[in-house]
file my_file.txt (compact mmCIF, C-alpha atoms and all ligand atoms)
# COMPACT_ATOMS: atom_id res chain seq x y z
CA MET J 1 0.00 0.00 0.00
CA ILE J 2 1.42 3.37 -0.99
CA ILE J 3 0.27 6.40 0.91
CA LYS J 4 1.35 9.83 -0.28
CA ARG J 5 2.34 12.42 2.23
CA PRO J 6 -0.16 15.26 2.32
CA THR J 7 1.35 18.08 0.26
CA ASP J 8 0.34 20.80 2.70
CA ILE J 9 2.64 19.47 5.46
CA PRO J 10 6.37 19.78 4.82
CA SER J 11 8.16 16.62 5.99
CA SER J 12 10.20 18.65 8.47
CA GLU J 13 7.00 19.42 10.33
CA ILE J 14 5.78 15.86 10.63
CA THR J 15 6.68 15.03 14.19
CA PRO J 16 6.41 11.53 15.64
CA GLU J 17 3.39 12.55 17.67
CA ALA J 18 1.72 14.07 14.60
CA ILE J 19 2.09 10.72 12.88
CA TYR J 20 0.85 8.95 15.98
CA LEU J 21 -2.15 11.24 16.39
CA ARG J 22 -3.17 10.76 12.78
CA ARG J 23 -2.83 7.01 13.15
CA ARG J 24 -4.74 7.07 16.40
CA ASP J 25 -7.65 9.07 14.97
CA PHE J 26 -7.63 6.69 12.06
CA MET J 27 -7.67 3.63 14.28
CA ARG J 28 -10.54 5.05 16.31
CA GLY J 29 -12.47 5.25 13.04
CA SER J 30 -14.19 2.43 11.21
CA LEU J 31 -11.17 1.26 9.20
CA ALA J 32 -9.20 0.26 12.31
CA GLY J 33 -8.87 -3.41 11.46
CA ILE J 34 -7.75 -2.92 7.89
CA ALA J 35 -5.29 -0.17 8.68
CA ALA J 36 -3.56 -1.67 11.71
CA GLY J 37 0.12 -1.97 10.98
CA LEU J 38 -0.02 -0.77 7.39
CA LEU J 39 -0.62 2.95 7.59
CA PRO J 40 1.96 3.92 10.21
CA GLY J 41 4.71 1.91 8.57
CA SER J 42 4.07 3.54 5.22
CA LEU J 43 4.11 7.00 6.71
CA MET J 44 7.16 6.28 8.82
CA ALA J 45 9.19 5.05 5.91
CA GLU J 46 8.95 8.41 4.18
CA ASP J 47 9.65 10.49 7.24
CA SER J 48 13.19 11.19 8.36
CA THR J 49 12.09 12.54 11.75
CA ALA J 50 10.51 9.21 12.66
CA PRO J 51 11.33 7.89 16.14
CA ALA J 52 13.39 4.79 16.83
CA GLY J 53 11.64 1.54 17.57
CA GLN J 54 9.38 -0.87 15.79
CA ALA J 55 5.74 -0.15 15.06
CA LEU J 56 3.67 -2.31 17.40
CA THR J 57 0.37 -4.04 16.75
CA TYR J 58 -2.05 -3.31 19.56
CA SER J 59 -5.71 -2.75 20.32
CA PRO J 60 -6.73 0.90 20.21
CA VAL J 61 -8.27 2.53 23.25
CA ALA J 62 -11.77 1.14 23.84
CA ALA J 63 -14.86 3.35 23.86
CA ASP J 64 -15.40 3.01 27.63
CA ALA J 65 -11.70 3.40 28.47
CA THR J 66 -12.07 6.85 30.03
CA ASP J 67 -14.59 5.57 32.61
CA GLN J 68 -12.18 2.82 33.64
CA GLY J 69 -9.29 5.28 33.93
CA PHE J 70 -7.48 3.60 31.02
CA ASP J 71 -7.56 6.75 28.92
CA THR J 72 -7.27 10.39 29.88
CA ARG J 73 -8.40 12.97 27.35
CA GLU J 74 -5.78 15.45 28.63
CA ALA J 75 -3.24 16.63 26.07
CA ARG J 76 -0.46 14.11 25.53
CA THR J 77 3.03 15.30 26.39
CA PRO J 78 4.97 15.70 23.13
CA TYR J 79 7.17 12.77 22.13
CA GLU J 80 10.38 14.78 22.43
CA HIS J 81 9.68 15.47 26.14
CA VAL J 82 8.55 11.92 26.92
CA THR J 83 11.77 10.57 25.42
CA GLY J 84 14.13 13.44 26.24
CA TYR J 85 13.37 14.30 29.88
CA ASN J 86 13.85 11.10 31.86
CA ASN J 87 14.81 9.60 35.18
CA PHE J 88 16.88 6.47 34.64
CA TYR J 89 19.79 6.70 37.04
CA GLU J 90 21.48 3.68 35.46
CA PHE J 91 22.50 6.15 32.74
CA GLY J 92 23.19 9.24 34.84
CA MET J 93 21.40 11.75 37.02
CA ASP J 94 20.64 14.56 34.58
CA LYS J 95 17.28 14.52 32.82
CA SER J 96 19.04 14.43 29.44
CA ASP J 97 21.48 11.61 30.36
CA PRO J 98 19.17 8.66 29.57
CA ALA J 99 18.37 9.94 26.07
CA GLN J 100 22.05 10.58 25.47
CA TYR J 101 23.52 7.37 26.88
CA ALA J 102 20.89 4.60 26.95
CA GLY J 103 21.63 3.68 23.34
CA SER J 104 24.46 1.50 24.69
CA LEU J 105 21.97 -0.90 26.28
CA VAL J 106 21.47 -4.16 24.37
CA THR J 107 17.84 -5.27 24.82
CA ASP J 108 17.76 -8.30 22.54
CA PRO J 109 18.06 -11.08 23.65
CA TRP J 110 16.20 -10.34 26.89
CA SER J 111 15.21 -12.76 29.56
CA VAL J 112 13.09 -12.39 32.71
CA GLU J 113 13.72 -14.56 35.77
CA VAL J 114 10.52 -15.58 37.57
CA SER J 115 11.05 -16.87 41.11
CA GLY J 116 9.75 -17.17 44.65
CA GLU J 117 6.22 -18.15 45.63
CA VAL J 118 5.08 -19.17 42.15
CA GLU J 119 4.05 -22.36 40.37
CA LYS J 120 5.95 -21.73 37.16
CA PRO J 121 9.37 -20.33 38.05
CA GLY J 122 12.11 -20.11 35.47
CA ALA J 123 14.02 -17.94 33.03
CA TYR J 124 11.61 -16.78 30.34
CA ALA J 125 12.67 -15.31 27.01
CA LEU J 126 10.84 -12.01 26.55
CA GLU J 127 9.28 -13.11 23.26
CA ASP J 128 7.77 -16.16 25.00
CA LEU J 129 6.19 -13.96 27.66
CA LEU J 130 4.86 -11.54 25.04
CA ALA J 131 3.43 -14.35 22.91
CA LYS J 132 0.91 -15.02 25.68
CA VAL J 133 -0.42 -11.51 26.13
CA GLN J 134 -2.40 -8.98 24.13
CA LEU J 135 -1.00 -5.47 23.72
CA GLU J 136 -3.28 -2.49 24.16
CA GLU J 137 -2.98 1.26 24.43
CA ARG J 138 -3.30 3.12 27.74
CA ILE J 139 -3.05 6.89 28.06
CA TYR J 140 -1.93 7.65 31.61
CA ARG J 141 -0.75 10.56 33.69
CA LEU J 142 2.76 10.01 35.12
CA ARG J 143 3.47 12.01 38.29
CA CYS J 144 7.10 12.09 39.45
CA VAL J 145 7.78 12.58 43.15
CA GLU J 146 9.89 15.60 42.04
CA ALA J 147 6.59 17.42 41.26
CA TRP J 148 6.52 17.30 37.47
CA SER J 149 4.16 15.25 35.36
CA MET J 150 3.42 14.06 31.84
CA VAL J 151 0.64 12.36 29.90
CA ILE J 152 2.00 9.32 28.07
CA PRO J 153 0.32 7.01 25.55
CA TRP J 154 1.75 3.62 26.55
CA VAL J 155 1.44 0.32 24.75
CA GLY J 156 1.49 -2.71 27.03
CA PHE J 157 -0.49 -5.43 28.76
CA PRO J 158 -2.07 -5.74 32.21
CA LEU J 159 0.46 -7.17 34.67
CA ALA J 160 -2.44 -9.29 36.00
CA ASP J 161 -2.56 -11.21 32.70
CA LEU J 162 1.05 -12.31 33.19
CA ILE J 163 0.68 -13.04 36.91
CA ARG J 164 -2.33 -15.29 36.29
CA GLN J 165 -0.28 -17.36 33.87
CA LEU J 166 2.68 -17.67 36.22
CA GLY J 167 0.44 -18.88 39.04
CA PRO J 168 1.50 -17.35 42.35
CA THR J 169 1.09 -19.67 45.36
CA SER J 170 -1.31 -18.83 48.20
CA ARG J 171 1.68 -17.53 50.17
CA ALA J 172 2.53 -14.80 47.63
CA ARG J 173 1.55 -11.42 49.08
CA TYR J 174 3.96 -9.12 47.22
CA VAL J 175 5.74 -8.92 43.89
CA GLU J 176 9.32 -7.66 43.64
CA PHE J 177 10.86 -6.37 40.40
CA LYS J 178 14.50 -5.83 39.53
CA THR J 179 16.15 -3.83 36.78
CA LEU J 180 19.06 -5.21 34.77
CA TYR J 181 22.50 -4.91 36.38
CA ARG J 182 24.98 -4.53 33.55
CA PRO J 183 27.56 -1.85 34.34
CA LYS J 184 29.36 -2.33 31.02
CA GLN J 185 26.30 -0.94 29.23
CA MET J 186 24.93 1.28 32.01
CA ARG J 187 27.34 4.05 32.79
CA GLY J 188 25.46 5.19 35.91
CA GLN J 189 26.08 1.79 37.51
CA ARG J 190 29.82 2.40 37.10
CA SER J 191 29.67 5.86 38.64
CA ALA J 192 31.50 6.43 41.90
CA PHE J 193 28.95 9.16 42.82
CA SER J 194 25.94 6.89 42.80
CA THR J 195 24.13 6.39 46.10
CA ILE J 196 22.07 3.55 44.68
CA ASP J 197 22.88 -0.03 45.63
CA TRP J 198 22.31 -1.63 42.20
CA PRO J 199 20.23 -3.19 40.84
CA TYR J 200 17.20 -0.89 41.16
CA VAL J 201 14.44 -2.78 42.99
CA GLU J 202 10.72 -2.04 43.30
CA GLY J 203 7.67 -3.85 44.60
CA LEU J 204 3.89 -3.93 44.83
CA ARG J 205 1.38 -5.57 47.10
CA MET J 206 -0.33 -8.44 45.25
CA ASP J 207 -3.69 -6.63 44.99
CA GLU J 208 -1.91 -3.57 43.53
CA ALA J 209 -0.08 -5.78 41.05
CA MET J 210 -3.37 -7.43 40.01
CA HIS J 211 -5.22 -4.11 39.60
CA PRO J 212 -6.41 -3.59 35.99
CA LEU J 213 -4.65 -0.18 35.80
CA THR J 214 -1.23 -1.75 36.49
CA LEU J 215 0.53 -2.08 33.17
CA MET J 216 3.64 -3.77 31.83
CA ALA J 217 4.67 -1.46 29.02
CA THR J 218 6.61 -2.47 25.93
CA GLY J 219 5.99 0.71 23.94
CA LEU J 220 4.85 4.32 23.77
CA TYR J 221 3.41 6.49 21.01
CA GLY J 222 2.63 3.28 19.11
CA ARG J 223 6.21 2.05 18.85
CA SER J 224 8.49 -0.11 20.96
CA LEU J 225 9.98 1.58 24.03
CA PRO J 226 13.02 3.76 23.52
CA ASN J 227 15.83 2.55 25.80
CA GLN J 228 15.63 5.71 27.92
CA ASN J 229 12.02 4.84 28.82
CA GLY J 230 12.91 1.36 30.09
CA ALA J 231 13.13 -0.95 27.07
CA PRO J 232 12.21 -3.63 26.51
CA LEU J 233 9.81 -4.08 29.45
CA ARG J 234 8.87 -1.69 32.27
CA LEU J 235 6.19 -1.32 34.89
CA VAL J 236 3.66 1.54 34.85
CA VAL J 237 1.60 2.18 38.01
CA PRO J 238 -0.22 5.43 37.24
CA TRP J 239 -1.57 6.23 40.74
CA LYS J 240 1.87 6.04 42.36
CA TYR J 241 4.89 8.31 42.13
CA GLY J 242 6.98 7.58 39.04
CA PHE J 243 9.80 5.84 40.89
CA LYS J 244 7.53 2.80 41.41
CA SER J 245 7.39 2.36 37.61
CA ILE J 246 10.62 0.39 37.36
CA LYS J 247 12.39 0.13 34.00
CA SER J 248 14.16 -2.62 32.03
CA ILE J 249 12.90 -5.47 34.20
CA VAL J 250 14.85 -8.76 34.39
CA SER J 251 13.42 -10.28 37.56
CA ILE J 252 9.92 -10.85 38.96
CA ARG J 253 9.84 -12.50 42.39
CA PHE J 254 6.75 -13.41 44.41
CA THR J 255 7.25 -13.00 48.15
CA GLU J 256 5.51 -13.42 51.47
CA LYS J 257 7.18 -10.37 52.98
CA GLN J 258 7.18 -6.78 51.76
CA PRO J 259 10.28 -6.37 49.60
CA GLN J 260 12.93 -3.78 50.34
CA THR J 261 12.82 -1.16 47.58
CA THR J 262 15.55 1.13 46.25
CA TRP J 263 14.32 4.60 47.23
CA ALA J 264 12.77 3.50 50.52
CA GLN J 265 16.17 2.05 51.39
CA ILE J 266 18.12 5.21 50.48
CA ALA J 267 15.81 7.70 52.22
CA PRO J 268 13.03 5.94 54.14
CA ARG J 269 11.55 9.16 55.53
CA GLU J 270 11.25 10.66 52.05
CA TYR J 271 10.12 7.71 49.96
CA GLY J 272 7.83 4.99 51.22
CA PHE J 273 6.91 1.57 49.90
CA TYR J 274 3.40 2.67 48.90
CA ALA J 275 4.28 6.00 47.27
CA ASN J 276 0.69 6.77 46.33
CA VAL J 277 0.38 10.24 44.81
CA ASN J 278 -1.07 12.41 47.59
CA PRO J 279 -1.22 16.23 47.62
CA GLN J 280 -1.90 16.18 51.40
CA VAL J 281 1.33 14.40 52.29
CA ASP J 282 4.28 16.63 51.47
CA HIS J 283 7.76 15.37 50.75
CA PRO J 284 9.92 16.42 53.74
CA ARG J 285 11.78 18.86 51.45
CA TRP J 286 8.99 20.15 49.18
CA SER J 287 5.23 20.42 48.74
CA GLN J 288 3.30 17.83 46.73
CA LYS J 289 0.20 20.04 46.33
CA THR J 290 0.95 21.03 42.74
CA GLU J 291 2.99 19.79 39.78
CA ARG J 292 4.55 21.15 36.60
CA ARG J 293 2.84 19.50 33.65
CA LEU J 294 5.44 19.19 30.91
CA PRO J 295 6.24 20.96 28.69
CA SER J 296 6.87 23.56 31.37
CA THR J 297 9.03 26.67 30.99
CA LEU J 298 10.12 29.53 33.21
CA PHE J 299 7.55 31.86 31.66
CA ASN J 300 4.86 29.25 31.22
CA PRO J 301 5.35 26.82 34.10
CA ASN J 302 2.00 25.10 33.46
CA ARG J 303 1.50 24.38 37.15
CA ILE J 304 -1.59 22.34 38.00
CA ASP J 305 -3.08 20.89 41.19
CA THR J 306 -1.96 17.38 42.10
CA GLN J 307 -4.81 14.93 42.60
CA LEU J 308 -5.09 12.21 45.25
CA PHE J 309 -3.97 8.91 43.69
CA ASN J 310 -2.99 11.00 40.65
CA GLY J 311 -6.67 11.21 39.68
CA TYR J 312 -7.26 7.44 39.79
CA GLY J 313 -9.01 7.44 43.20
CA GLU J 314 -12.28 6.10 41.84
CA GLN J 315 -10.41 3.03 40.62
CA VAL J 316 -7.92 2.43 43.45
CA ALA J 317 -9.01 4.10 46.72
CA HIS J 318 -10.64 0.87 47.94
CA LEU J 319 -7.21 -0.81 48.02
CA TYR J 320 -6.23 1.46 50.92
CA GLN J 321 -9.46 1.52 52.91
CA GLY J 322 -8.72 1.89 56.61
CA MET J 323 -5.01 2.61 56.05
CA ASP J 324 -3.48 5.80 57.38
CA LEU J 325 -2.02 7.30 54.20
CA ARG J 326 0.24 9.59 56.27
CA LYS J 327 1.84 6.61 57.91
CA TYR J 328 1.90 4.41 54.81
CA TYR J 329 3.24 7.04 52.40
N1 LIG Q 401 15.51 1.20 36.79
C1 LIG Q 401 15.00 2.42 36.99
N2 LIG Q 401 13.67 2.61 36.85
C2 LIG Q 401 13.15 3.85 37.03
C3 LIG Q 401 13.99 4.95 37.40
C4 LIG Q 401 15.39 4.70 37.52
O1 LIG Q 401 16.21 5.60 37.81
N3 LIG Q 401 15.86 3.44 37.28
N4 LIG Q 401 13.43 6.19 37.64
C5 LIG Q 401 12.00 6.21 38.01
C6 LIG Q 401 11.44 7.55 38.06
S1 LIG Q 401 11.93 8.54 39.37
C7 LIG Q 401 10.50 8.00 37.16
S2 LIG Q 401 9.74 9.51 37.35
C8 LIG Q 401 10.14 7.18 35.97
C9 LIG Q 401 10.35 7.99 34.70
O2 LIG Q 401 9.91 7.27 33.58
P1 LIG Q 401 10.10 7.92 32.13
O3 LIG Q 401 11.51 8.37 32.00
O4 LIG Q 401 9.74 6.84 31.15
O5 LIG Q 401 9.13 9.09 32.06
O6 LIG Q 401 10.93 5.98 35.87
C10 LIG Q 401 11.15 5.31 37.10
N5 LIG Q 401 11.81 4.04 36.87
MO MO Q 402 10.34 10.15 39.52

call {"tool": "encode", "arguments": {"input": "my_file.txt", "output": "structure tokens", "more": "lines below"}}
Ligand SMILES: Nc1nc2c(c(=O)[nH]1)N[C@H]1C(S)=C(S)[C@@H](COP(=O)(O)O)O[C@H]1N2
Ligand SMILES: [Mo]
result
Amino acid sequence: MIIKRPTDIPSSEITPEAIYLRRRDFMRGSLAGIAAGLLPGSLMAEDSTAPAGQALTYSPVAADATDQGFDTREARTPYEHVTGYNNFYEFGMDKSDPAQYAGSLVTDPWSVEVSGEVEKPGAYALEDLLAKVQLEERIYRLRCVEAWSMVIPWVGFPLADLIRQLGPTSRARYVEFKTLYRPKQMRGQRSAFSTIDWPYVEGLRMDEAMHPLTLMATGLYGRSLPNQNGAPLRLVVPWKYGFKSIKSIVSIRFTEKQPQTTWAQIAPREYGFYANVNPQVDHPRWSQKTERRLPSTLFNPNRIDTQLFNGYGEQVAHLYQGMDLRKYY
């Protein structure tokens, strides 16, 4: 299929998100089935500003997705900010370091070790895990504990779908995740200035892990994840501060006890295990009442109010019924 570029848009002005938005509108229309996979590829091939990564095949956002919290209609953060302003300390501490240095990470082959309280432990090749799940699009807010936020169109699958297949035992109460430790390809892991005891570790309570909003992402803006965003597989927990959404996962372990997690270990008074977004519970060194929605500049900071559970309270508040959110921050 040959699709001509519209003559009124010079190629230099076709940004990745413009391509994505056109594809998305198209997929929401009646030709979704026929077009899937064909249209974006054809457009991409002609466009030199196209992003890295493979076009993914996934289900478009469903009609009732907004009610379920799967889709926000807020403006998506432009691709260049989503992939250029990152936290991924394995590649350095500046926001631009991951985009600059994560290209050194080799993500194929990739294997995920499944262990602990589970019926089917083992080392799984990523493609075998992905063969068993269905990819879909989710448009989520991401709220960093540093008080900035984005809106990101992820592609991924519910973590619950994977957990059900792995079969946790009745003793499994938590899930622990680990990022790759490979200092030869991750310059931040070689740094003498790092306070992190690698590898980066995160965890969820089992009911949080099974919640339908909890996503394992393999892509964004319709294409496979750029390395700086946690390729090839990362967690996305939209009602929690961004540090819970661990990148480049190589280990999933089911445990009886609450796992020790990276930031809670470094500064337990500043970062808790739960890390639910909460404008009423300030960080000891700054307020969490508002956030800068990117893109944000000195003259147009785009500051907005932070919402309890990052706006997903209707979906997740019941998980924390009776818990003191000031104590379990
Ligand atoms: N392995 C690992 N995962 C990580 C981090 C990190 O430094 N290392 N940073 C976290 C933080 S603080 C945030 S805000 C999000 C940022 O995700 P993004 O760069 O895709 O927006 O990733 C999280 N996952
Ligand atoms: Mo963050």

call {"tool": "atom_distance", "arguments": {"input": "my_file.txt", "atom1": "CA of Lys327 (chain J)", "atom2": "CA of Ala264 (chain J)"}}
result
13.6 Å

call {"tool": "axis_aligned_box", "arguments": {"input": "my_file.txt", "around": "ligand LIG 401 (chain Q)", "padding_each_side": "6 Å", "output": "lines of an AutoDock Vina configuration file"}}
result
center_x = 12.7
center_y = 5.4
center_z = 35.3
size_x = 19.1
size_y = 20.3
size_z = 20.2

call {"tool": "closest_atom_pairs", "arguments": {"input": "my_file.txt", "of": "chain J", "to": "ligand MO 402 (chain Q)", "cutoff": "7 Å", "atoms": "all atoms listed in the file", "output": "JSON lines"}}
result
{"residue": "J:Asn87", "atom": "CA", "partner": "Q:MO402", "partner_atom": "MO", "distance": 6.3}
{"residue": "J:Cys144", "atom": "CA", "partner": "Q:MO402", "partner_atom": "MO", "distance": 3.8}
{"residue": "J:Val145", "atom": "CA", "partner": "Q:MO402", "partner_atom": "MO", "distance": 5.1}
{"residue": "J:Glu146", "atom": "CA", "partner": "Q:MO402", "partner_atom": "MO", "distance": 6.0}
{"residue": "J:Tyr241", "atom": "CA", "partner": "Q:MO402", "partner_atom": "MO", "distance": 6.3}
{"residue": "J:Gly242", "atom": "CA", "partner": "Q:MO402", "partner_atom": "MO", "distance": 4.3}
{"residue": "J:Phe243", "atom": "CA", "partner": "Q:MO402", "partner_atom": "MO", "distance": 4.6}

call {"tool": "residues_near_ligand", "arguments": {"input": "my_file.txt", "ligand": "ligand LIG 401 (chain Q)", "cutoff": "7 Å", "atoms": "all atoms listed in the file", "output": "list in words"}}
result
Val82, Thr83, Tyr85, Asn86, Asn87, Phe88, Tyr89, Glu90, Arg143, Cys144, Val145, Thr179, Tyr200, Gln228, Asn229, Gly230, Tyr241, Gly242, Phe243, Lys244, Ser245, Ile246, Lys247 and Ser248 of chain J

call {"tool": "residues_around", "arguments": {"input": "my_file.txt", "residues": "region 127-137 of chain J", "least_positions_apart": "6", "cutoff": "12 Å", "atoms": "all atoms listed in the file", "output": "count of residues only"}}
result
50

call {"tool": "residues_around", "arguments": {"input": "my_file.txt", "residues": "Met206 (chain J)", "least_positions_apart": "6", "cutoff": "8 Å", "atoms": "all atoms listed in the file", "output": "ChimeraX atom specification"}}
result
/J:172-175

call {"tool": "atom_distance", "arguments": {"input": "my_file.txt", "atom1": "CA of Ile252 (chain J)", "atom2": "CA of Gln265 (chain J)"}}
result
19.0 Å

call {"tool": "atom_distance", "arguments": {"input": "my_file.txt", "atom1": "CA of Pro199 (chain J)", "atom2": "CA of Tyr181 (chain J)"}}
result
5.3 Å

call {"tool": "closest_residue", "arguments": {"input": "my_file.txt", "among": "J:Ala52, J:Leu235, J:Leu319, J:Val151", "to": "Gly103 (chain J)", "atoms": "only C-alpha atoms"}}
result
J:Ala52

call {"tool": "closest_residue", "arguments": {"input": "my_file.txt", "among": "J:Ala123, J:Ala209, J:Ala267, J:Ala102", "to": "Glu176 (chain J)", "atoms": "all atoms listed in the file"}}
result
J:Ala209

call {"tool": "decode", "arguments": {"input": "my_file.txt", "residues": "region 212-230 of chain J", "atoms": "N, CA, C and O atoms", "output": "compact mmCIF listing (two decimals), in the first residue's frame"}}
result
# COMPACT_ATOMS: atom_id res chain seq x y z
N PRO J 212 -6.37 -3.74 37.46
CA PRO J 212 -6.41 -3.59 35.99
C PRO J 212 -5.66 -2.35 35.46
O PRO J 212 -5.28 -2.34 34.28
N LEU J 213 -5.41 -1.34 36.30
CA LEU J 213 -4.65 -0.18 35.80
C LEU J 213 -3.15 -0.46 35.71
O LEU J 213 -2.42 0.25 35.02
N THR J 214 -2.68 -1.48 36.44
CA THR J 214 -1.23 -1.75 36.49
C THR J 214 -0.77 -2.39 35.18
O THR J 214 -1.24 -3.47 34.80
N LEU J 215 0.15 -1.70 34.53
CA LEU J 215 0.53 -2.08 33.17
C LEU J 215 1.99 -2.50 33.09
O LEU J 215 2.85 -1.93 33.77
N MET J 216 2.27 -3.49 32.25
CA MET J 216 3.64 -3.77 31.83
C MET J 216 3.76 -3.17 30.44
O MET J 216 3.08 -3.62 29.51
N ALA J 217 4.59 -2.16 30.30
CA ALA J 217 4.67 -1.46 29.02
C ALA J 217 5.83 -1.99 28.18
O ALA J 217 6.91 -2.30 28.70
N THR J 218 5.55 -2.10 26.89
CA THR J 218 6.61 -2.47 25.93
C THR J 218 6.76 -1.37 24.88
O THR J 218 7.63 -1.46 24.02
N GLY J 219 5.91 -0.34 24.95
CA GLY J 219 5.99 0.71 23.94
C GLY J 219 5.36 2.01 24.39
O GLY J 219 4.74 2.08 25.46
N LEU J 220 5.55 3.06 23.59
CA LEU J 220 4.85 4.32 23.77
C LEU J 220 4.71 4.99 22.41
O LEU J 220 5.48 4.71 21.49
N TYR J 221 3.71 5.85 22.30
CA TYR J 221 3.41 6.49 21.01
C TYR J 221 3.39 5.47 19.86
O TYR J 221 3.85 5.73 18.76
N GLY J 222 2.85 4.27 20.16
CA GLY J 222 2.63 3.28 19.11
C GLY J 222 3.84 2.49 18.67
O GLY J 222 3.73 1.63 17.80
N ARG J 223 5.00 2.76 19.26
CA ARG J 223 6.21 2.05 18.85
C ARG J 223 6.92 1.47 20.07
O ARG J 223 6.64 1.87 21.19
N SER J 224 7.82 0.53 19.84
CA SER J 224 8.49 -0.11 20.96
C SER J 224 9.23 0.93 21.81
O SER J 224 9.63 1.98 21.31
N LEU J 225 9.40 0.63 23.09
CA LEU J 225 9.98 1.58 24.03
C LEU J 225 11.37 2.02 23.63
O LEU J 225 12.23 1.17 23.36
N PRO J 226 11.63 3.32 23.62
CA PRO J 226 13.02 3.76 23.52
C PRO J 226 13.78 3.30 24.78
O PRO J 226 13.17 3.20 25.85
N ASN J 227 15.06 3.04 24.65
CA ASN J 227 15.83 2.55 25.80
C ASN J 227 15.69 3.46 27.02
O ASN J 227 15.60 2.99 28.15
N GLN J 228 15.68 4.78 26.79
CA GLN J 228 15.63 5.71 27.92
C GLN J 228 14.33 5.60 28.71
O GLN J 228 14.25 6.04 29.85
N ASN J 229 13.30 5.02 28.12
CA ASN J 229 12.02 4.84 28.82
C ASN J 229 11.88 3.44 29.43
O ASN J 229 10.81 3.09 29.93
N GLY J 230 12.95 2.64 29.37
CA GLY J 230 12.91 1.36 30.09
C GLY J 230 12.74 0.14 29.23
O GLY J 230 12.18 -0.86 29.68
